[in-house]
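Peer 1: Take a look at entry_12.cif, mmCIF, C-alpha atoms:
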```
data_run
loop_
_atom_site.label_atom_id
_atom_site.label_comp_id
_atom_site.auth_asym_id
_atom_site.auth_seq_id
_atom_site.Cartn_x
_atom_site.Cartn_y
_atom_site.Cartn_z
CA MET A 42 13.87 -52.34 7.64
CA THR A 43 16.83 -52.61 5.26
CA LYS A 44 14.64 -54.23 2.65
CA LYS A 45 12.16 -51.40 2.92
CA HIS A 46 14.97 -48.86 2.42
CA LYS A 47 16.23 -50.71 -0.65
CA ILE A 48 12.90 -50.13 -2.33
CA LEU A 49 12.39 -46.67 -0.97
CA ILE A 50 15.68 -45.18 -2.18
CA PRO A 51 15.26 -46.01 -5.90
CA LEU A 52 11.63 -44.91 -5.64
CA LEU A 53 12.66 -41.57 -4.19
CA THR A 54 15.34 -41.17 -6.87
CA ILE A 55 12.83 -41.85 -9.62
CA THR A 56 10.23 -39.45 -8.27
CA SER A 57 12.80 -36.69 -7.74
CA LEU A 58 14.14 -37.20 -11.26
CA LEU A 59 10.64 -37.12 -12.69
CA SER A 60 9.69 -33.99 -10.83
CA GLY A 61 13.01 -32.48 -11.91
CA CYS A 62 11.95 -32.89 -15.51
CA THR A 63 8.48 -31.47 -15.11
CA ALA A 64 9.01 -28.80 -12.45
CA TYR A 65 7.47 -25.47 -13.37
CA PRO A 66 8.16 -22.63 -13.75
CA ARG A 67 11.32 -23.54 -15.63
CA LEU A 68 13.66 -21.74 -17.99
CA MET A 69 13.53 -22.65 -21.66
CA SER A 70 16.83 -23.52 -23.29
CA TYR A 71 17.08 -21.63 -26.54
CA PRO A 72 20.41 -21.87 -28.38
CA PHE A 73 23.10 -19.36 -27.52
CA ASP A 74 25.06 -18.37 -30.63
CA PRO A 75 28.31 -16.38 -30.44
CA GLY A 76 27.86 -15.69 -34.17
CA GLY A 77 24.67 -13.72 -33.46
CA ARG A 78 22.16 -15.95 -35.26
CA SER A 79 20.04 -16.82 -32.24
CA LEU A 80 18.20 -15.28 -29.29
CA ASN A 81 21.31 -14.60 -27.22
CA SER A 82 24.74 -13.57 -28.46
CA LEU A 83 27.99 -12.30 -26.99
CA ALA A 84 26.55 -8.78 -27.16
CA SER A 85 23.80 -7.18 -25.13
CA GLU A 86 20.15 -8.16 -25.56
CA SER A 87 17.53 -5.99 -23.91
CA ASN A 88 13.85 -5.07 -23.58
CA PRO A 89 12.46 -8.46 -24.67
CA GLN A 90 8.73 -8.79 -25.30
CA VAL A 91 6.90 -12.05 -25.94
CA SER A 92 3.67 -12.32 -27.94
CA GLY A 93 2.37 -15.54 -29.45
CA ARG A 94 5.32 -17.43 -30.92
CA TYR A 95 7.53 -14.31 -31.18
CA VAL A 96 10.14 -12.71 -28.96
CA VAL A 97 11.14 -9.22 -30.08
CA PHE A 98 14.12 -7.43 -28.51
CA SER A 99 16.89 -4.93 -29.09
CA THR A 100 20.53 -5.92 -29.40
CA ASP A 101 23.86 -4.29 -30.27
CA ARG A 102 25.38 -7.48 -31.72
CA ARG A 103 26.07 -5.88 -35.12
CA GLY A 104 27.73 -2.79 -33.67
CA SER A 105 24.57 -0.69 -33.77
CA GLN A 106 21.51 -1.01 -31.57
CA ASP A 107 18.87 -2.74 -33.64
CA ILE A 108 15.55 -4.57 -33.31
CA TYR A 109 15.59 -8.36 -33.77
CA LEU A 110 12.80 -10.92 -33.92
CA PHE A 111 13.09 -14.52 -32.67
CA ASP A 112 10.62 -17.29 -33.52
CA THR A 113 10.25 -19.70 -30.58
CA ILE A 114 8.82 -22.47 -32.79
CA THR A 115 11.48 -22.58 -35.51
CA ARG A 116 14.03 -21.40 -32.90
CA SER A 117 15.57 -18.98 -35.38
CA LEU A 118 15.70 -15.26 -36.15
CA ILE A 119 13.25 -13.66 -38.57
CA ASP A 120 14.55 -10.99 -40.93
CA LEU A 121 13.02 -7.50 -40.59
CA PRO A 122 13.88 -5.83 -43.90
CA GLY A 123 13.89 -2.05 -43.79
CA LEU A 124 13.31 -1.76 -40.05
CA ASN A 125 16.82 -1.02 -38.80
CA SER A 126 18.78 1.85 -40.28
CA LEU A 127 22.35 2.97 -39.80
CA ASP A 128 21.55 6.51 -38.66
CA ALA A 129 19.05 5.57 -35.95
CA ILE A 130 19.18 3.90 -32.56
CA ALA A 131 16.17 1.63 -32.16
CA SER A 132 14.90 0.55 -28.76
CA HIS A 133 12.01 -0.87 -26.78
CA PRO A 134 10.21 -2.97 -29.44
CA SER A 135 6.80 -4.56 -28.99
CA ILE A 136 4.99 -6.93 -31.37
CA SER A 137 1.39 -7.96 -32.03
CA SER A 138 0.74 -11.68 -31.47
CA ASP A 139 0.15 -12.38 -35.19
CA GLY A 140 3.67 -11.06 -35.78
CA ARG A 141 2.58 -8.40 -38.25
CA TYR A 142 3.06 -5.12 -36.37
CA ILE A 143 6.13 -4.00 -34.41
CA VAL A 144 6.28 -0.67 -32.61
CA PHE A 145 9.62 0.70 -31.47
CA ALA A 146 11.26 3.94 -30.43
CA ALA A 147 14.00 5.39 -32.60
CA SER A 148 16.07 8.50 -32.42
CA ARG A 149 17.08 10.09 -35.67
CA GLN A 150 18.81 13.47 -36.05
CA GLY A 151 18.27 14.17 -32.39
CA ARG A 152 14.52 13.61 -32.43
CA SER A 153 12.86 10.62 -30.82
CA ALA A 154 9.78 9.09 -32.38
CA VAL A 155 7.52 6.05 -32.13
CA PHE A 156 7.48 3.98 -35.30
CA LEU A 157 5.04 1.30 -36.42
CA TYR A 158 6.62 -1.31 -38.68
CA ASP A 159 4.33 -3.49 -40.80
CA ARG A 160 5.95 -6.82 -41.70
CA GLU A 161 3.60 -7.22 -44.69
CA THR A 162 4.46 -3.94 -46.39
CA ARG A 163 7.98 -3.75 -44.86
CA GLN A 164 7.35 -0.07 -44.15
CA SER A 165 7.84 1.94 -40.97
CA ARG A 166 5.50 4.78 -40.15
CA ASN A 167 6.26 7.62 -37.73
CA LEU A 168 3.26 7.80 -35.36
CA THR A 169 4.48 10.84 -33.43
CA ALA A 170 5.62 13.18 -36.23
CA ASN A 171 3.15 15.84 -35.04
CA LEU A 172 4.13 15.56 -31.36
CA GLN A 173 6.63 18.26 -30.35
CA ALA A 174 7.97 16.23 -27.46
CA GLU A 175 10.35 13.51 -26.39
CA VAL A 176 8.82 10.02 -26.56
CA ARG A 177 9.92 6.62 -25.24
CA ASN A 178 8.83 3.10 -24.18
CA PRO A 179 6.18 2.29 -26.82
CA THR A 180 4.08 -0.86 -26.54
CA ILE A 181 1.43 -2.44 -28.78
CA SER A 182 -1.44 -4.68 -27.68
CA ALA A 183 -1.33 -8.34 -28.78
CA GLU A 184 -4.30 -7.67 -31.09
CA GLY A 185 -2.38 -4.79 -32.63
CA ASN A 186 -5.23 -2.32 -32.14
CA ARG A 187 -3.70 0.04 -29.57
CA ILE A 188 -0.32 1.61 -28.93
CA ALA A 189 0.79 3.27 -25.69
CA PHE A 190 3.97 5.26 -25.05
CA GLU A 191 5.46 7.93 -22.84
CA SER A 192 5.66 11.57 -23.85
CA THR A 193 6.95 14.79 -22.27
CA VAL A 194 4.34 17.02 -23.85
CA ASN A 195 3.11 18.26 -20.44
CA GLY A 196 6.52 18.83 -18.89
CA GLN A 197 6.77 15.43 -17.19
CA TRP A 198 6.36 11.89 -18.42
CA ASP A 199 2.77 11.04 -19.26
CA VAL A 200 1.26 7.99 -20.96
CA LEU A 201 -0.50 8.47 -24.29
CA VAL A 202 -2.67 5.85 -26.00
CA TYR A 203 -3.12 5.87 -29.79
CA ASP A 204 -4.88 3.58 -32.21
CA ARG A 205 -2.86 1.90 -34.96
CA ASN A 206 -3.50 4.82 -37.35
CA GLY A 207 -1.72 7.20 -34.99
CA GLN A 208 -4.89 8.86 -33.64
CA PRO A 209 -5.16 9.54 -29.89
CA LEU A 210 -7.81 7.40 -28.21
CA GLY A 211 -10.96 9.36 -27.36
CA ILE A 212 -10.45 9.26 -23.60
CA ARG A 213 -9.34 11.78 -21.00
CA GLN A 214 -5.56 11.54 -21.17
CA ASP A 215 -4.53 15.02 -20.02
CA PRO A 216 -3.40 15.37 -16.41
CA ARG A 217 -5.85 16.79 -13.88
CA MET B 235 -1.21 -2.76 10.59
CA LEU B 236 -4.58 -2.68 8.86
CA THR B 237 -3.58 0.23 6.67
CA SER B 238 -0.45 -1.57 5.52
CA CYS B 239 -2.53 -4.56 4.42
CA SER B 240 -5.24 -2.61 2.61
CA TYR B 241 -2.83 -0.02 1.25
CA SER B 242 -4.29 1.59 -1.83
CA ASN B 243 -4.08 5.01 -3.43
CA ILE B 244 -6.12 4.19 -6.48
CA PRO B 245 -8.25 7.12 -7.64
CA ILE B 246 -11.97 6.33 -7.42
CA GLY B 247 -14.50 6.87 -10.20
CA PRO B 248 -14.11 8.06 -13.79
CA THR B 249 -10.90 9.98 -14.06
CA SER B 250 -8.06 11.00 -16.30
CA LEU B 251 -5.29 8.62 -17.21
CA ASN B 252 -2.50 11.07 -16.40
CA SER B 253 -1.78 13.17 -13.34
CA ARG B 254 0.55 16.12 -12.80
CA TYR B 255 3.20 13.62 -11.66
CA THR B 256 5.22 11.09 -13.61
CA GLU B 257 3.38 8.30 -15.43
CA GLU B 258 5.70 5.83 -17.12
CA GLN B 259 6.37 2.26 -18.34
CA PRO B 260 2.99 1.67 -20.04
CA ALA B 261 1.88 -1.88 -20.90
CA LEU B 262 -1.32 -2.80 -22.73
CA SER B 263 -3.36 -5.95 -22.19
CA GLY B 264 -3.48 -8.23 -25.22
CA ASN B 265 -7.04 -7.14 -26.08
CA GLY B 266 -6.06 -3.48 -25.79
CA ARG B 267 -8.62 -2.70 -23.07
CA PHE B 268 -6.39 -2.35 -20.01
CA LEU B 269 -3.31 -0.24 -19.50
CA ALA B 270 -0.85 -0.88 -16.67
CA PHE B 271 1.78 1.72 -15.79
CA ILE B 272 3.82 3.19 -12.99
CA SER B 273 2.51 6.42 -11.50
CA ASN B 274 4.02 8.74 -8.91
CA ARG B 275 0.72 10.35 -7.95
CA ASN B 276 -0.44 10.54 -4.32
CA GLY B 277 3.13 10.55 -3.09
CA SER B 278 3.94 6.96 -3.88
CA HIS B 279 5.51 5.01 -6.71
CA GLN B 280 2.76 2.57 -7.63
CA LEU B 281 1.54 0.22 -10.32
CA LEU B 282 -1.89 1.27 -11.60
CA VAL B 283 -4.20 -0.51 -14.03
CA TYR B 284 -6.55 1.68 -16.10
CA ASP B 285 -9.63 0.42 -17.93
CA LEU B 286 -9.61 2.33 -21.25
CA GLN B 287 -13.23 1.33 -21.92
CA GLN B 288 -14.76 2.45 -18.60
CA GLN B 289 -12.13 5.20 -18.19
CA GLU B 290 -11.41 4.35 -14.59
CA PHE B 291 -8.80 2.59 -12.52
CA ILE B 292 -9.39 -0.99 -11.52
CA ASN B 293 -8.73 -2.37 -8.09
CA THR B 294 -5.69 -4.60 -7.60
CA PRO B 295 -5.67 -5.38 -3.87
CA ARG B 296 -2.31 -6.29 -2.32
CA LEU B 297 -0.38 -5.53 -5.52
CA ASN B 298 1.29 -2.35 -4.26
CA ARG B 299 2.89 -2.61 -0.84
CA GLN B 300 4.18 0.19 1.29
CA GLU B 301 7.79 -0.88 1.78
CA THR B 302 8.67 -2.00 -1.74
CA ILE B 303 8.93 -0.55 -5.21
CA VAL B 304 7.42 -2.18 -8.28
CA GLU B 305 8.63 -1.53 -11.83
CA SER B 306 8.14 -2.74 -15.43
CA PRO B 307 4.53 -3.97 -15.49
CA SER B 308 3.26 -6.29 -18.21
CA LEU B 309 -0.27 -7.64 -18.82
CA SER B 310 -1.71 -10.84 -20.30
CA TYR B 311 -4.62 -10.91 -22.79
CA THR B 312 -7.46 -9.72 -20.52
CA GLY B 313 -5.15 -8.30 -17.91
CA ARG B 314 -5.68 -11.25 -15.57
CA TYR B 315 -1.95 -11.78 -15.05
CA ILE B 316 0.37 -8.89 -14.25
CA THR B 317 4.12 -9.45 -14.15
CA TYR B 318 6.41 -6.85 -12.65
CA LEU B 319 9.84 -6.34 -11.18
CA THR B 320 10.16 -5.97 -7.43
CA SER B 321 12.67 -6.83 -4.72
CA ASP B 322 12.80 -9.65 -2.22
CA GLN B 323 15.22 -9.01 0.64
CA GLY B 324 17.13 -6.59 -1.55
CA ARG B 325 17.31 -8.93 -4.55
CA PRO B 326 15.47 -8.05 -7.77
CA VAL B 327 12.83 -10.64 -8.64
CA VAL B 328 10.15 -11.10 -11.27
CA ALA B 329 6.73 -11.45 -9.67
CA LEU B 330 3.32 -12.41 -11.03
CA TYR B 331 0.00 -11.04 -9.76
CA ASP B 332 -3.16 -12.98 -10.55
CA ARG B 333 -6.28 -10.79 -10.55
CA ALA B 334 -8.40 -13.93 -10.10
CA ASN B 335 -7.06 -14.63 -6.60
CA GLN B 336 -5.54 -11.20 -5.94
CA ASN B 337 -2.20 -12.68 -4.94
CA SER B 338 1.38 -12.25 -6.05
CA GLU B 339 4.02 -14.93 -6.34
CA ILE B 340 7.74 -14.67 -7.08
CA LEU B 341 8.61 -16.40 -10.35
CA THR B 342 12.40 -16.26 -10.13
CA PRO B 343 13.23 -17.44 -6.59
CA ILE B 344 15.95 -19.77 -7.86
CA TYR B 345 17.63 -17.08 -9.90
CA ARG B 346 20.83 -15.74 -8.36
CA GLY B 347 21.65 -12.94 -10.80
CA TRP B 348 20.21 -9.56 -11.54
CA VAL B 349 16.97 -9.42 -13.55
CA ARG B 350 15.03 -6.64 -15.26
CA ASN B 351 12.31 -5.82 -17.84
CA PRO B 352 9.94 -8.82 -17.52
CA SER B 353 7.20 -9.27 -20.13
CA ILE B 354 4.39 -11.85 -20.09
CA SER B 355 2.92 -13.54 -23.17
CA PRO B 356 -0.76 -12.73 -23.87
CA ASP B 357 -1.81 -16.28 -22.87
CA GLY B 358 0.04 -15.91 -19.57
CA ARG B 359 2.23 -19.00 -19.94
CA TYR B 360 5.61 -17.50 -20.85
CA ILE B 361 7.60 -14.68 -19.30
CA VAL B 362 10.70 -13.20 -20.93
CA PHE B 363 13.12 -11.11 -18.92
CA GLU B 364 16.69 -9.87 -18.95
CA THR B 365 19.38 -11.51 -16.87
CA ALA B 366 22.99 -10.64 -16.17
CA SER B 367 24.34 -14.14 -15.60
CA ARG B 368 26.71 -14.10 -18.61
CA GLY B 369 28.19 -10.72 -17.73
CA GLN B 370 25.99 -8.74 -20.08
CA TRP B 371 22.24 -8.52 -20.55
CA ASP B 372 20.76 -11.67 -22.03
CA ILE B 373 17.20 -12.87 -22.52
CA GLU B 374 15.66 -15.81 -20.70
CA VAL B 375 12.26 -17.34 -21.40
CA LEU B 376 10.41 -18.75 -18.42
CA ASP B 377 7.70 -21.38 -18.95
CA ARG B 378 4.96 -21.49 -16.28
CA GLY B 379 3.94 -24.92 -17.53
CA PRO B 380 0.99 -26.57 -19.29
CA ASN B 381 -1.23 -26.66 -16.21
CA ILE B 382 -1.81 -22.95 -15.70
CA GLU B 383 -5.11 -21.33 -16.61
CA LEU B 384 -4.44 -19.62 -19.93
CA ASP B 385 -5.68 -16.07 -20.48
CA ILE B 386 -7.12 -16.42 -23.99
CA PRO B 387 -10.19 -15.03 -25.79
CA ASN B 388 -13.44 -16.97 -25.39
CA GLY B 389 -13.78 -19.61 -28.09
CA ALA B 390 -10.11 -19.51 -29.05
CA PRO B 391 -8.69 -22.87 -30.14
CA VAL B 392 -6.05 -24.29 -27.82
CA ASN B 393 -3.00 -25.18 -29.88
CA ALA B 394 0.20 -26.84 -28.80
CA PRO B 395 2.08 -23.94 -27.21
CA PRO B 396 5.47 -22.89 -28.61
CA GLY B 397 8.41 -24.70 -27.07
CA SER B 398 6.43 -27.77 -26.09
CA LEU B 399 7.87 -29.74 -28.99
#
```
Just give me the structure of the file as structure tokens.

Peer 2:
Amino acid sequence: MTKKHKILIPLLTITSLLSGCTAYPRLMSYPFDPGGRSLNSLASESNPQVSGRYVVFSTDRRGSQDIYLFDTITRSLIDLPGLNSLDAIASHPSISSDGRYIVFAASRQGRSAVFLYDRETRQSRNLTANLQAEVRNPTISAEGNRIAFESTVNGQWDVLVYDRNGQPLGIRQDPR
Amino acid sequence: MLTSCSYSNIPIGPTSLNSRYTEEQPALSGNGRFLAFISNRNGSHQLLVYDLQQQEFINTPRLNRQETIVESPSLSYTGRYITYLTSDQGRPVVALYDRANQNSEILTPIYRGWVRNPSISPDGRYIVFETASRGQWDIEVLDRGPNIELDIPNGAPVNAPPGSL
């Protein structure tokens, strides 16, 4: 009996240790950096979205709410030149899985708009310049072909779907 | 009892995406065909999935339940996996609905803190969400593991997933 236990206890310890290492779902441990050069900082991080190797999110770590991009393979931030500006609050980003297109909402001079940022040209384009309404919560498909967001054009929040050129999709979107 | 199990207010047949009530929190599937969002139509706060190609709602049995609220939907590549925020005994949890077996599971049962805004990767393996465990909102990445069925396009090469180094 005692002999049996002597074998059993180390066996149980080994199996529990092994399963502890491979138990899923589990949280990934990405570096936390108080200096603000990683995924998490001492400031607020919000609205994360994961697509392919990228995690895009908004953070106020530099004293203004900006969009940041984290690469889960190199475990470092990717620069987004020209995306964030001092006179705008950027929120709710979403990225295509190839990492090229990022949509986000920004409010500038009291008007909210959905912007499409192209990492190749480093340009942002306002997709909702012709929409006389409040907009929020944009999202782009992983293939980068469609963009959906909320708009108040009908007096309550509705969902609009556009293609990447800013054209409404040819489907019935109006409320019935 | 039966009605609570088969509870569904999904509009039947070809119909419009929006209603005269609030539609919010849109999320597109990776391929851009499906759109998940929260709608307040038919007197309930529910998660609906719309097929942009067929222009109709698709059935998601047992996803919406009568006594709970769901928020913040997110879709994988073909819309097979749907993550959302709901509550379990008053605690916010991230849940995952699999359209293949029409069941939901809670992904964050071990998590003590507050969570919000979950988002699933197109392949369905990773889920990012916000947590409050450090006293402000931070981002956690949850790995569902190498043994799940990935939601990827037909013929796509299977590479070593990020983070498995």

Peer 1: Between CA of Glu257 in chain B and CA of Phe271 in chain B, what is the distance, to one decimal in Å?

Peer 2: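 Separation of CA of Glu257 in chain B and CA of Phe271 in chain B: 6.8 Å.
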
Peer 1: Could you work out how far CA of Thr365 in chain B lies from CA of Arg141 in chain A, giving the answer in Å with one decimal?

Peer 2: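 Pair CA of Arg141 in chain A / CA of Thr365 in chain B returns 27.4 Å.
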
Peer 1: Under the PyMOL selection byres ((chain A) within 8 of (chain B)), which residues of this model are included? Write them out as a PyMOL selection string.

Peer 2: chain A and resi 65-70+80-82+84-94+113-114+138+178-191+197-200+212-217

Peer 1: Interatomic distance between CA of Ser367 in chain B and CA of Phe111 in chain A?

Peer 2: 20.4 Å

Peer 1: Return the padded bounding box of range 148-161 of chain A as lines of an AutoDock Vina configuration file: axis-aligned, built from all atoms listed in the file, 5 Å added on each side, with centre and edge lengths in Å to one decimal.

Peer 2:
```
center_x = 11.2
center_y = 3.5
center_z = -37.8
size_x = 25.2
size_y = 31.4
size_z = 23.9
```

Peer 1: I need the residue set behind the PyMOL selection byres ((chain A and resi 175) around 9) for this file; please write it as a ChimeraX atom specification.

Peer 2: /A:152-154,172-174,176-177,191-194

Peer 1: Would you translate the PyMOL selection byres ((chain A and resi 97) around 8) into the concrete set of residues it matches in this file, as a PyMOL selection string?

Peer 2: chain A and resi 89-91+95-96+98-99+108-111+134-136

Peer 1: Put those residues in a file: C-alpha atoms, as a tab-separated table (two decimals), keeping the file's coordinate frame.

Peer 2:
```tsv
chain	number	residue	atom	x	y	z
A	89	PRO	CA	12.46	-8.46	-24.67
A	90	GLN	CA	8.73	-8.79	-25.30
A	91	VAL	CA	6.90	-12.05	-25.94
A	95	TYR	CA	7.53	-14.31	-31.18
A	96	VAL	CA	10.14	-12.71	-28.96
A	98	PHE	CA	14.12	-7.43	-28.51
A	99	SER	CA	16.89	-4.93	-29.09
A	108	ILE	CA	15.55	-4.57	-33.31
A	109	TYR	CA	15.59	-8.36	-33.77
A	110	LEU	CA	12.80	-10.92	-33.92
A	111	PHE	CA	13.09	-14.52	-32.67
A	134	PRO	CA	10.21	-2.97	-29.44
A	135	SER	CA	6.80	-4.56	-28.99
A	136	ILE	CA	4.99	-6.93	-31.37
```
